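**Student:** Dropping in coords.csv, which is CSV, N, CA and C atoms:
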```csv
chain,number,residue,atom,x,y,z
O,1,MET,N,24.6,-14.6,15.6
O,1,MET,CA,23.7,-15.7,15.2
O,1,MET,C,22.7,-15.2,14.1
O,2,ALA,N,22.5,-16.0,13.2
O,2,ALA,CA,21.6,-15.7,12.1
O,2,ALA,C,20.1,-15.9,12.5
O,3,GLY,N,19.2,-15.0,11.9
O,3,GLY,CA,17.8,-15.1,12.1
O,3,GLY,C,17.2,-15.8,10.9
O,4,SER,N,16.1,-16.6,11.2
O,4,SER,CA,15.4,-17.3,10.1
O,4,SER,C,14.8,-16.3,9.2
O,5,MET,N,15.0,-16.5,7.9
O,5,MET,CA,14.5,-15.6,6.8
O,5,MET,C,13.0,-15.7,6.7
O,6,ALA,N,12.3,-14.6,6.4
O,6,ALA,CA,10.9,-14.5,6.2
O,6,ALA,C,10.5,-14.7,4.8
O,7,ARG,N,9.3,-15.3,4.6
O,7,ARG,CA,8.8,-15.7,3.2
O,7,ARG,C,7.4,-15.4,3.1
O,8,GLU,N,6.9,-15.3,1.9
O,8,GLU,CA,5.4,-15.2,1.7
O,8,GLU,C,4.8,-16.4,2.4
O,9,GLY,N,3.6,-16.1,3.0
O,9,GLY,CA,2.9,-17.1,3.8
O,9,GLY,C,3.2,-16.9,5.3
O,10,ASP,N,4.3,-16.2,5.7
O,10,ASP,CA,4.5,-16.0,7.1
O,10,ASP,C,3.5,-15.0,7.7
O,11,GLN,N,3.4,-15.1,9.0
O,11,GLN,CA,2.4,-14.2,9.7
O,11,GLN,C,3.1,-13.0,10.4
O,12,THR,N,2.3,-12.1,10.8
O,12,THR,CA,2.7,-11.0,11.7
O,12,THR,C,2.1,-11.3,13.1
O,13,THR,N,2.6,-10.6,14.1
O,13,THR,CA,2.1,-10.8,15.5
O,13,THR,C,0.8,-10.1,15.8
O,14,GLY,N,0.4,-9.1,15.0
O,14,GLY,CA,-0.7,-8.2,15.4
O,14,GLY,C,-0.1,-7.1,16.3
O,15,HIS,N,-0.9,-6.2,16.7
O,15,HIS,CA,-0.5,-5.1,17.6
O,15,HIS,C,-1.7,-4.4,18.2
O,16,GLY,N,-1.6,-4.1,19.4
O,16,GLY,CA,-2.8,-3.5,20.1
O,16,GLY,C,-4.0,-4.3,19.9
O,17,SER,N,-5.1,-3.7,19.5
O,17,SER,CA,-6.3,-4.5,19.2
O,17,SER,C,-6.4,-5.0,17.8
O,18,PHE,N,-5.3,-4.8,17.0
O,18,PHE,CA,-5.3,-5.3,15.6
O,18,PHE,C,-4.9,-6.7,15.5
O,19,ALA,N,-5.6,-7.5,14.8
O,19,ALA,CA,-5.3,-8.9,14.6
O,19,ALA,C,-4.1,-9.2,13.8
O,20,PRO,N,-3.5,-10.4,14.0
O,20,PRO,CA,-2.3,-10.8,13.1
O,20,PRO,C,-2.7,-10.7,11.7
O,21,SER,N,-1.7,-10.7,10.8
O,21,SER,CA,-1.9,-10.6,9.4
O,21,SER,C,-1.0,-11.7,8.8
O,22,ILE,N,-1.0,-11.7,7.4
O,22,ILE,CA,-0.1,-12.7,6.7
O,22,ILE,C,0.4,-12.0,5.5
O,23,PHE,N,1.6,-12.5,5.0
O,23,PHE,CA,2.1,-12.0,3.7
O,23,PHE,C,1.6,-12.9,2.6
O,24,LEU,N,0.7,-12.3,1.8
O,24,LEU,CA,0.0,-13.1,0.8
O,24,LEU,C,0.9,-13.3,-0.4
O,25,PRO,N,0.5,-14.3,-1.2
O,25,PRO,CA,1.3,-14.5,-2.5
O,25,PRO,C,1.3,-13.2,-3.3
O,26,GLY,N,2.5,-12.9,-3.8
O,26,GLY,CA,2.6,-11.6,-4.6
O,26,GLY,C,3.2,-10.5,-3.7
O,27,SER,N,3.2,-10.7,-2.4
O,27,SER,CA,3.7,-9.6,-1.5
O,27,SER,C,5.2,-9.4,-1.5
O,28,SER,N,5.9,-10.5,-2.0
O,28,SER,CA,7.4,-10.4,-2.0
O,28,SER,C,7.8,-9.4,-3.2
O,29,LEU,N,8.8,-8.6,-3.0
O,29,LEU,CA,9.4,-7.8,-4.0
O,29,LEU,C,10.5,-8.5,-4.8
O,30,CYS,N,10.7,-9.8,-4.4
O,30,CYS,CA,11.8,-10.6,-5.0
O,30,CYS,C,11.2,-12.0,-5.3
O,31,GLN,N,10.3,-12.1,-6.3
O,31,GLN,CA,9.6,-13.3,-6.7
O,31,GLN,C,10.5,-14.4,-7.1
O,32,LYS,N,11.7,-14.0,-7.6
O,32,LYS,CA,12.6,-15.1,-8.2
O,32,LYS,C,13.6,-15.6,-7.1
O,33,ALA,N,13.7,-14.9,-5.9
O,33,ALA,CA,14.5,-15.4,-4.8
O,33,ALA,C,13.6,-16.2,-3.9
O,34,THR,N,13.8,-17.5,-3.8
O,34,THR,CA,12.9,-18.3,-3.0
O,34,THR,C,13.7,-19.0,-1.8
O,35,ILE,N,13.0,-19.3,-0.8
O,35,ILE,CA,13.5,-20.0,0.4
O,35,ILE,C,12.5,-21.1,0.6
O,36,GLU,N,12.9,-22.3,0.6
O,36,GLU,CA,12.0,-23.5,0.8
O,36,GLU,C,10.8,-23.4,-0.1
O,37,GLY,N,11.0,-22.9,-1.4
O,37,GLY,CA,10.0,-22.9,-2.4
O,37,GLY,C,9.1,-21.7,-2.3
O,38,LYS,N,9.3,-20.8,-1.3
O,38,LYS,CA,8.5,-19.6,-1.2
O,38,LYS,C,9.3,-18.3,-1.4
O,39,PRO,N,8.7,-17.3,-2.1
O,39,PRO,CA,9.5,-16.0,-2.3
O,39,PRO,C,9.9,-15.4,-1.0
O,40,MET,N,11.1,-14.9,-0.9
O,40,MET,CA,11.6,-14.3,0.3
O,40,MET,C,11.0,-12.9,0.5
O,41,LEU,N,11.0,-12.4,1.7
O,41,LEU,CA,10.6,-11.1,2.0
O,41,LEU,C,11.7,-10.2,2.3
O,42,THR,N,11.6,-8.9,2.0
O,42,THR,CA,12.6,-7.9,2.3
O,42,THR,C,11.9,-6.7,2.9
O,43,ILE,N,12.7,-5.7,3.3
O,43,ILE,CA,12.1,-4.4,3.7
O,43,ILE,C,11.3,-3.9,2.5
O,44,ASP,N,10.3,-3.1,2.8
O,44,ASP,CA,9.3,-2.5,1.8
O,44,ASP,C,8.2,-3.5,1.4
O,45,ALA,N,8.3,-4.8,1.7
O,45,ALA,CA,7.2,-5.7,1.4
O,45,ALA,C,6.0,-5.4,2.4
O,46,LYS,N,4.8,-5.6,1.9
O,46,LYS,CA,3.6,-5.3,2.7
O,46,LYS,C,2.8,-6.5,3.1
O,47,CYS,N,2.2,-6.5,4.3
O,47,CYS,CA,1.4,-7.6,4.7
O,47,CYS,C,-0.1,-7.3,4.3
O,48,ALA,N,-0.9,-8.3,4.4
O,48,ALA,CA,-2.4,-8.1,4.0
O,48,ALA,C,-3.0,-7.1,5.0
O,49,PRO,N,-4.0,-6.4,4.6
O,49,PRO,CA,-4.7,-5.5,5.6
O,49,PRO,C,-5.2,-6.3,6.8
O,50,HIS,N,-5.1,-5.6,7.9
O,50,HIS,CA,-5.6,-6.2,9.2
O,50,HIS,C,-6.3,-5.2,10.0
O,51,GLY,N,-7.4,-5.6,10.5
O,51,GLY,CA,-8.3,-4.7,11.2
O,51,GLY,C,-8.3,-5.0,12.7
O,52,SER,N,-9.2,-4.2,13.4
O,52,SER,CA,-9.4,-4.2,14.8
O,52,SER,C,-10.9,-4.3,15.1
O,53,PRO,N,-11.3,-5.0,16.2
O,53,PRO,CA,-12.7,-5.0,16.5
O,53,PRO,C,-13.3,-3.6,16.8
O,54,SER,N,-12.4,-2.7,17.2
O,54,SER,CA,-12.9,-1.3,17.5
O,54,SER,C,-13.1,-0.6,16.1
O,55,PRO,N,-13.9,0.4,16.1
O,55,PRO,CA,-14.1,1.1,14.8
O,55,PRO,C,-12.9,1.7,14.3
O,56,SER,N,-12.2,1.2,13.4
O,56,SER,CA,-11.0,1.8,12.8
O,56,SER,C,-10.8,1.2,11.4
O,57,THR,N,-10.0,1.9,10.7
O,57,THR,CA,-9.7,1.5,9.3
O,57,THR,C,-8.6,0.4,9.3
O,58,PRO,N,-8.7,-0.7,8.6
O,58,PRO,CA,-7.7,-1.7,8.5
O,58,PRO,C,-6.4,-1.0,8.1
O,59,VAL,N,-5.3,-1.6,8.6
O,59,VAL,CA,-3.9,-1.1,8.2
O,59,VAL,C,-3.2,-2.1,7.4
O,60,ILE,N,-2.3,-1.6,6.6
O,60,ILE,CA,-1.4,-2.5,5.8
O,60,ILE,C,0.0,-2.1,6.3
O,61,GLY,N,0.7,-3.1,6.9
O,61,GLY,CA,2.0,-2.9,7.4
O,61,GLY,C,3.1,-3.1,6.4
O,62,THR,N,4.2,-2.3,6.5
O,62,THR,CA,5.3,-2.4,5.6
O,62,THR,C,6.5,-2.8,6.4
O,63,ILE,N,7.3,-3.8,5.9
O,63,ILE,CA,8.5,-4.2,6.6
O,63,ILE,C,9.5,-3.0,6.6
O,64,ILE,N,10.0,-2.7,7.8
O,64,ILE,CA,11.0,-1.6,7.9
O,64,ILE,C,12.3,-2.0,8.5
O,65,GLU,N,12.4,-3.3,8.9
O,65,GLU,CA,13.7,-3.7,9.5
O,65,GLU,C,14.1,-5.0,8.8
O,66,GLY,N,15.4,-5.2,8.6
O,66,GLY,CA,15.9,-6.4,8.0
O,66,GLY,C,17.4,-6.7,8.4
O,67,SER,N,18.0,-7.7,7.8
O,67,SER,CA,19.3,-8.1,8.2
O,67,SER,C,20.3,-7.0,7.9
O,68,PRO,N,21.2,-6.7,8.9
O,68,PRO,CA,22.2,-5.7,8.6
O,68,PRO,C,23.3,-6.2,7.7
O,69,THR,N,23.4,-7.5,7.3
O,69,THR,CA,24.4,-8.0,6.5
O,69,THR,C,24.0,-8.7,5.3
O,70,SER,N,22.7,-9.0,5.1
O,70,SER,CA,22.2,-9.8,3.9
O,70,SER,C,21.3,-8.9,3.1
O,71,LEU,N,21.7,-8.7,1.8
O,71,LEU,CA,20.9,-7.9,0.9
O,71,LEU,C,20.6,-8.8,-0.3
O,72,VAL,N,19.5,-8.6,-1.0
O,72,VAL,CA,19.1,-9.3,-2.2
O,72,VAL,C,18.7,-8.3,-3.2
O,73,THR,N,19.0,-8.5,-4.5
O,73,THR,CA,18.5,-7.6,-5.5
O,73,THR,C,17.1,-8.1,-5.9
O,74,CYS,N,16.2,-7.2,-5.8
O,74,CYS,CA,14.8,-7.5,-6.0
O,74,CYS,C,14.4,-7.3,-7.5
O,75,ASP,N,13.2,-7.7,-7.8
O,75,ASP,CA,12.7,-7.7,-9.2
O,75,ASP,C,12.8,-6.3,-9.9
O,76,ASP,N,12.8,-5.2,-9.1
O,76,ASP,CA,12.9,-3.9,-9.6
O,76,ASP,C,14.3,-3.4,-9.7
O,77,GLY,N,15.3,-4.3,-9.4
O,77,GLY,CA,16.7,-3.9,-9.5
O,77,GLY,C,17.3,-3.3,-8.2
O,78,VAL,N,16.4,-3.0,-7.2
O,78,VAL,CA,16.9,-2.4,-6.0
O,78,VAL,C,17.4,-3.5,-5.0
O,79,LYS,N,18.5,-3.2,-4.4
O,79,LYS,CA,19.0,-4.1,-3.3
O,79,LYS,C,18.4,-3.7,-2.0
O,80,ARG,N,17.8,-4.8,-1.4
O,80,ARG,CA,17.1,-4.5,-0.1
O,80,ARG,C,17.5,-5.5,0.9
O,81,LYS,N,17.4,-5.1,2.2
O,81,LYS,CA,17.7,-6.0,3.3
O,81,LYS,C,16.7,-7.1,3.4
O,82,VAL,N,17.2,-8.3,3.7
O,82,VAL,CA,16.4,-9.5,3.8
O,82,VAL,C,15.7,-9.5,5.2
O,83,ALA,N,14.4,-9.7,5.1
O,83,ALA,CA,13.6,-9.7,6.4
O,83,ALA,C,13.7,-11.1,7.1
O,84,ARG,N,13.7,-11.0,8.4
O,84,ARG,CA,13.8,-12.2,9.3
O,84,ARG,C,12.7,-12.2,10.3
O,85,ILE,N,12.6,-13.3,10.9
O,85,ILE,CA,11.6,-13.5,12.0
O,85,ILE,C,12.0,-12.5,13.1
O,86,GLY,N,11.0,-11.8,13.6
O,86,GLY,CA,11.2,-10.8,14.7
O,86,GLY,C,11.5,-9.4,14.1
O,87,ASP,N,11.7,-9.2,12.8
O,87,ASP,CA,11.8,-7.9,12.3
O,87,ASP,C,10.5,-7.2,12.3
O,88,SER,N,10.6,-5.8,12.3
O,88,SER,CA,9.4,-5.0,12.5
O,88,SER,C,8.8,-4.4,11.3
O,89,LEU,N,7.4,-4.2,11.4
O,89,LEU,CA,6.7,-3.5,10.4
O,89,LEU,C,6.3,-2.1,10.9
O,90,ASP,N,6.0,-1.2,10.0
O,90,ASP,CA,5.7,0.2,10.5
O,90,ASP,C,4.4,0.3,11.2
O,91,CYS,N,3.5,-0.7,11.2
O,91,CYS,CA,2.3,-0.7,11.9
O,91,CYS,C,2.4,-1.1,13.3
O,92,GLY,N,3.5,-1.7,13.7
O,92,GLY,CA,3.7,-2.1,15.1
O,92,GLY,C,3.8,-3.7,15.2
O,93,CYS,N,3.6,-4.4,14.1
O,93,CYS,CA,3.7,-5.8,14.1
O,93,CYS,C,5.1,-6.2,14.0
O,94,LYS,N,5.4,-7.5,14.3
O,94,LYS,CA,6.6,-8.2,14.0
O,94,LYS,C,6.3,-9.4,13.2
O,95,ILE,N,7.3,-9.9,12.5
O,95,ILE,CA,7.2,-11.1,11.6
O,95,ILE,C,7.4,-12.3,12.5
O,96,VAL,N,6.5,-13.3,12.3
O,96,VAL,CA,6.6,-14.6,13.0
O,96,VAL,C,6.5,-15.7,11.9
O,97,GLY,N,7.0,-16.9,12.2
O,97,GLY,CA,7.0,-18.0,11.3
O,97,GLY,C,8.4,-18.1,10.7
O,98,GLY,N,8.6,-18.3,9.4
O,98,GLY,CA,9.9,-18.3,8.8
O,98,GLY,C,10.5,-19.6,8.4
O,99,ALA,N,11.6,-19.5,7.7
O,99,ALA,CA,12.3,-20.6,7.1
O,99,ALA,C,12.9,-21.5,8.2
O,100,LYS,N,12.9,-22.7,8.0
O,100,LYS,CA,13.5,-23.7,9.0
O,100,LYS,C,14.9,-24.0,8.7
O,101,THR,N,15.4,-23.7,7.4
O,101,THR,CA,16.7,-24.1,7.0
O,101,THR,C,17.6,-23.0,6.6
O,102,VAL,N,17.2,-21.8,6.5
O,102,VAL,CA,18.0,-20.7,6.0
O,102,VAL,C,17.9,-19.5,7.0
O,103,GLY,N,19.1,-18.9,7.3
O,103,GLY,CA,19.1,-17.7,8.1
O,103,GLY,C,19.9,-16.6,7.5
O,104,ALA,N,19.8,-15.4,8.0
O,104,ALA,CA,20.5,-14.3,7.5
O,104,ALA,C,20.9,-13.3,8.6
O,105,GLY,N,22.1,-12.8,8.5
O,105,GLY,CA,22.5,-11.7,9.4
O,105,GLY,C,22.3,-12.0,10.8
O,106,ALA,N,22.7,-11.0,11.7
O,106,ALA,CA,22.6,-11.2,13.1
O,106,ALA,C,21.2,-10.8,13.6
O,107,ASN,N,20.8,-11.5,14.6
O,107,ASN,CA,19.5,-11.1,15.2
O,107,ASN,C,19.7,-9.8,15.9
O,108,ALA,N,18.6,-9.0,15.9
O,108,ALA,CA,18.7,-7.6,16.5
O,108,ALA,C,18.6,-7.8,18.0
```
Can the structure in the file be given as structure tokens, please?

**Tutor:**
Amino acid sequence: MAGSMAREGDQTTGHGSFAPSIFLPGSSLCQKATIEGKPMLTIDAKCAPHGSPSPSTPVIGTIIEGSPTSLVTCDDGVKRKVARIGDSLDCGCKIVGGAKTVGAGANA
């Protein structure tokens, strides 16, 4: 079963005491590849900094998981796995939200 593809504007779950974040405009590494009018996300894309109420430095998560079967050539010429709802970031977040009409690869 395919998972909904992630796009700029989608959110993350947050983790521990760290609040959810969002993928801001410009965070996609594939600005020309759009889904429902928004640039798609791939591994290596970064979310906006998100902090915690406890004294700590805000973190910027990087997508580390993507579709095992769907790749896209990004603006830098590198082929990357397409990110989907539920895929992980290195900070401990997962992606939430996503495209309503387009899916990619098998859900993990």

**Student:** Contacts of region 64-69 of chain O at 6 Å or less, counting all atoms listed in the file, minus same-chain residues fewer than 2 places along, as a ChimeraX atom specification?

**Tutor:** /O:43-44,62,71,81-84,87-90,104-106

**Student:** Can you spit out the residues from that selection as a tab-separated table (two decimals), keeping the file's coordinate frame, using N, CA and C atoms?

**Tutor:**
```tsv
chain	number	residue	atom	x	y	z
O	43	ILE	N	12.70	-5.70	3.30
O	43	ILE	CA	12.10	-4.40	3.70
O	43	ILE	C	11.30	-3.90	2.50
O	44	ASP	N	10.30	-3.10	2.80
O	44	ASP	CA	9.30	-2.50	1.80
O	44	ASP	C	8.20	-3.50	1.40
O	62	THR	N	4.20	-2.30	6.50
O	62	THR	CA	5.30	-2.40	5.60
O	62	THR	C	6.50	-2.80	6.40
O	71	LEU	N	21.70	-8.70	1.80
O	71	LEU	CA	20.90	-7.90	0.90
O	71	LEU	C	20.60	-8.80	-0.30
O	81	LYS	N	17.40	-5.10	2.20
O	81	LYS	CA	17.70	-6.00	3.30
O	81	LYS	C	16.70	-7.10	3.40
O	82	VAL	N	17.20	-8.30	3.70
O	82	VAL	CA	16.40	-9.50	3.80
O	82	VAL	C	15.70	-9.50	5.20
O	83	ALA	N	14.40	-9.70	5.10
O	83	ALA	CA	13.60	-9.70	6.40
O	83	ALA	C	13.70	-11.10	7.10
O	84	ARG	N	13.70	-11.00	8.40
O	84	ARG	CA	13.80	-12.20	9.30
O	84	ARG	C	12.70	-12.20	10.30
O	87	ASP	N	11.70	-9.20	12.80
O	87	ASP	CA	11.80	-7.90	12.30
O	87	ASP	C	10.50	-7.20	12.30
O	88	SER	N	10.60	-5.80	12.30
O	88	SER	CA	9.40	-5.00	12.50
O	88	SER	C	8.80	-4.40	11.30
O	89	LEU	N	7.40	-4.20	11.40
O	89	LEU	CA	6.70	-3.50	10.40
O	89	LEU	C	6.30	-2.10	10.90
O	90	ASP	N	6.00	-1.20	10.00
O	90	ASP	CA	5.70	0.20	10.50
O	90	ASP	C	4.40	0.30	11.20
O	104	ALA	N	19.80	-15.40	8.00
O	104	ALA	CA	20.50	-14.30	7.50
O	104	ALA	C	20.90	-13.30	8.60
O	105	GLY	N	22.10	-12.80	8.50
O	105	GLY	CA	22.50	-11.70	9.40
O	105	GLY	C	22.30	-12.00	10.80
O	106	ALA	N	22.70	-11.00	11.70
O	106	ALA	CA	22.60	-11.20	13.10
O	106	ALA	C	21.20	-10.80	13.60
```

**Student:** Choose the residue, out of O:Gly37, O:Thr13, O:Glu8, O:Ser54, that has the smallest atom-to-atom separation from Pro25 (chain O); count only N, CA and C atoms.

**Tutor:** O:Glu8

**Student:** Give the answer as one residue: which of O:Cys74, O:Phe23, O:His15, O:Ser28 has the shortest atom-to-atom distance to Cys91 (chain O), using all atoms listed in the file?

**Tutor:**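 Of all the options, O:His15 lies closest to Cys91 (chain O).
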
**Student:** Just to confirm, what's the straight-line distance from CA of Gly14 (chain O) to CA of Asp76 (chain O) in Å (one decimal)?

**Tutor:**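 We find that CA of Gly14 (chain O) and CA of Asp76 (chain O) lie 28.8 Å from each other.
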
**Student:** Take atom C of Thr12 (chain O) and atom N of Cys93 (chain O) and report the distance between them in Å, one decimal.

**Tutor:**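 Calculated distance between atom C of Thr12 (chain O) and atom N of Cys93 (chain O) is 7.1 Å.
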
**Student:** Between atom N of Pro20 (chain O) and atom N of Ser52 (chain O), what is the distance in Å, rounded to a tenth?

**Tutor:**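 Computing the Euclidean distance for atom N of Pro20 (chain O) and atom N of Ser52 (chain O) yields 8.4 Å.
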
**Student:** Could you pull the residues within 10 Å of Gly77 (chain O), counting only C-alpha atoms, minus those fewer than 5 positions along the same chain, as a ChimeraX atom specification?

**Tutor:** /O:29-30,72

**Student:** Closest to Ile35 (chain O) among O:Val78, O:Ala6, O:Ile85, O:Val96, using all atoms listed in the file?

**Tutor:**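 Counting all atoms listed in the file, the residue closest to Ile35 (chain O) is O:Ala6.
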
**Student:** From the set O:Ile63, O:Glu36, O:Thr42, O:Gln31, which residue has the shortest atom-to-atom contact distance to Arg80 (chain O), counting only C-alpha atoms?

**Tutor:** O:Thr42

**Student:** List every residue of chain O that DSSP, applied to the backbone of this structure, assigns to strand (DSSP E), and report them as JSON, numbers by chain.

**Tutor:** {"O": [2, 3, 4, 11, 12, 30, 31, 32, 33, 34, 35, 38, 39, 40, 71, 72, 73, 79, 80, 81, 95, 96, 103, 104, 105, 106]}

**Student:** Closest to Ile95 (chain O) among O:Ser56, O:Ser27, O:Lys32, O:Asp10, using all atoms listed in the file?

**Tutor:** O:Asp10

**Student:** Would you pick out the contacts of Gly9 (chain O) at 9 Å or less, using only C-alpha atoms, so that residues sharing its chain but fewer than 4 positions from it are not included, and give the list as a VMD selection string?

**Tutor:** chain O and resid 22 to 25 38 97 to 98

**Student:** Skip Pro49 (chain O) itself and residues of its chain fewer than 4 positions away, then list as a list in words all residues within 7 Å of it, counting all atoms listed in the file.

**Tutor:**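 Those residues are Ser21, Ile22, Pro58, Val59, Ile60 and Gly61 of chain O.
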
**Student:** I need the residues from that last selection saved to file as a short mmCIF file (atom, residue, chain, number, x, y, z; two decimals), in the frame of the given file (with N, CA and C atoms), if you can.

**Tutor:**
```cif
data_model
loop_
_atom_site.label_atom_id
_atom_site.label_comp_id
_atom_site.auth_asym_id
_atom_site.auth_seq_id
_atom_site.Cartn_x
_atom_site.Cartn_y
_atom_site.Cartn_z
N SER O 21 -1.70 -10.70 10.80
CA SER O 21 -1.90 -10.60 9.40
C SER O 21 -1.00 -11.70 8.80
N ILE O 22 -1.00 -11.70 7.40
CA ILE O 22 -0.10 -12.70 6.70
C ILE O 22 0.40 -12.00 5.50
N PRO O 58 -8.70 -0.70 8.60
CA PRO O 58 -7.70 -1.70 8.50
C PRO O 58 -6.40 -1.00 8.10
N VAL O 59 -5.30 -1.60 8.60
CA VAL O 59 -3.90 -1.10 8.20
C VAL O 59 -3.20 -2.10 7.40
N ILE O 60 -2.30 -1.60 6.60
CA ILE O 60 -1.40 -2.50 5.80
C ILE O 60 0.00 -2.10 6.30
N GLY O 61 0.70 -3.10 6.90
CA GLY O 61 2.00 -2.90 7.40
C GLY O 61 3.10 -3.10 6.40
#
```
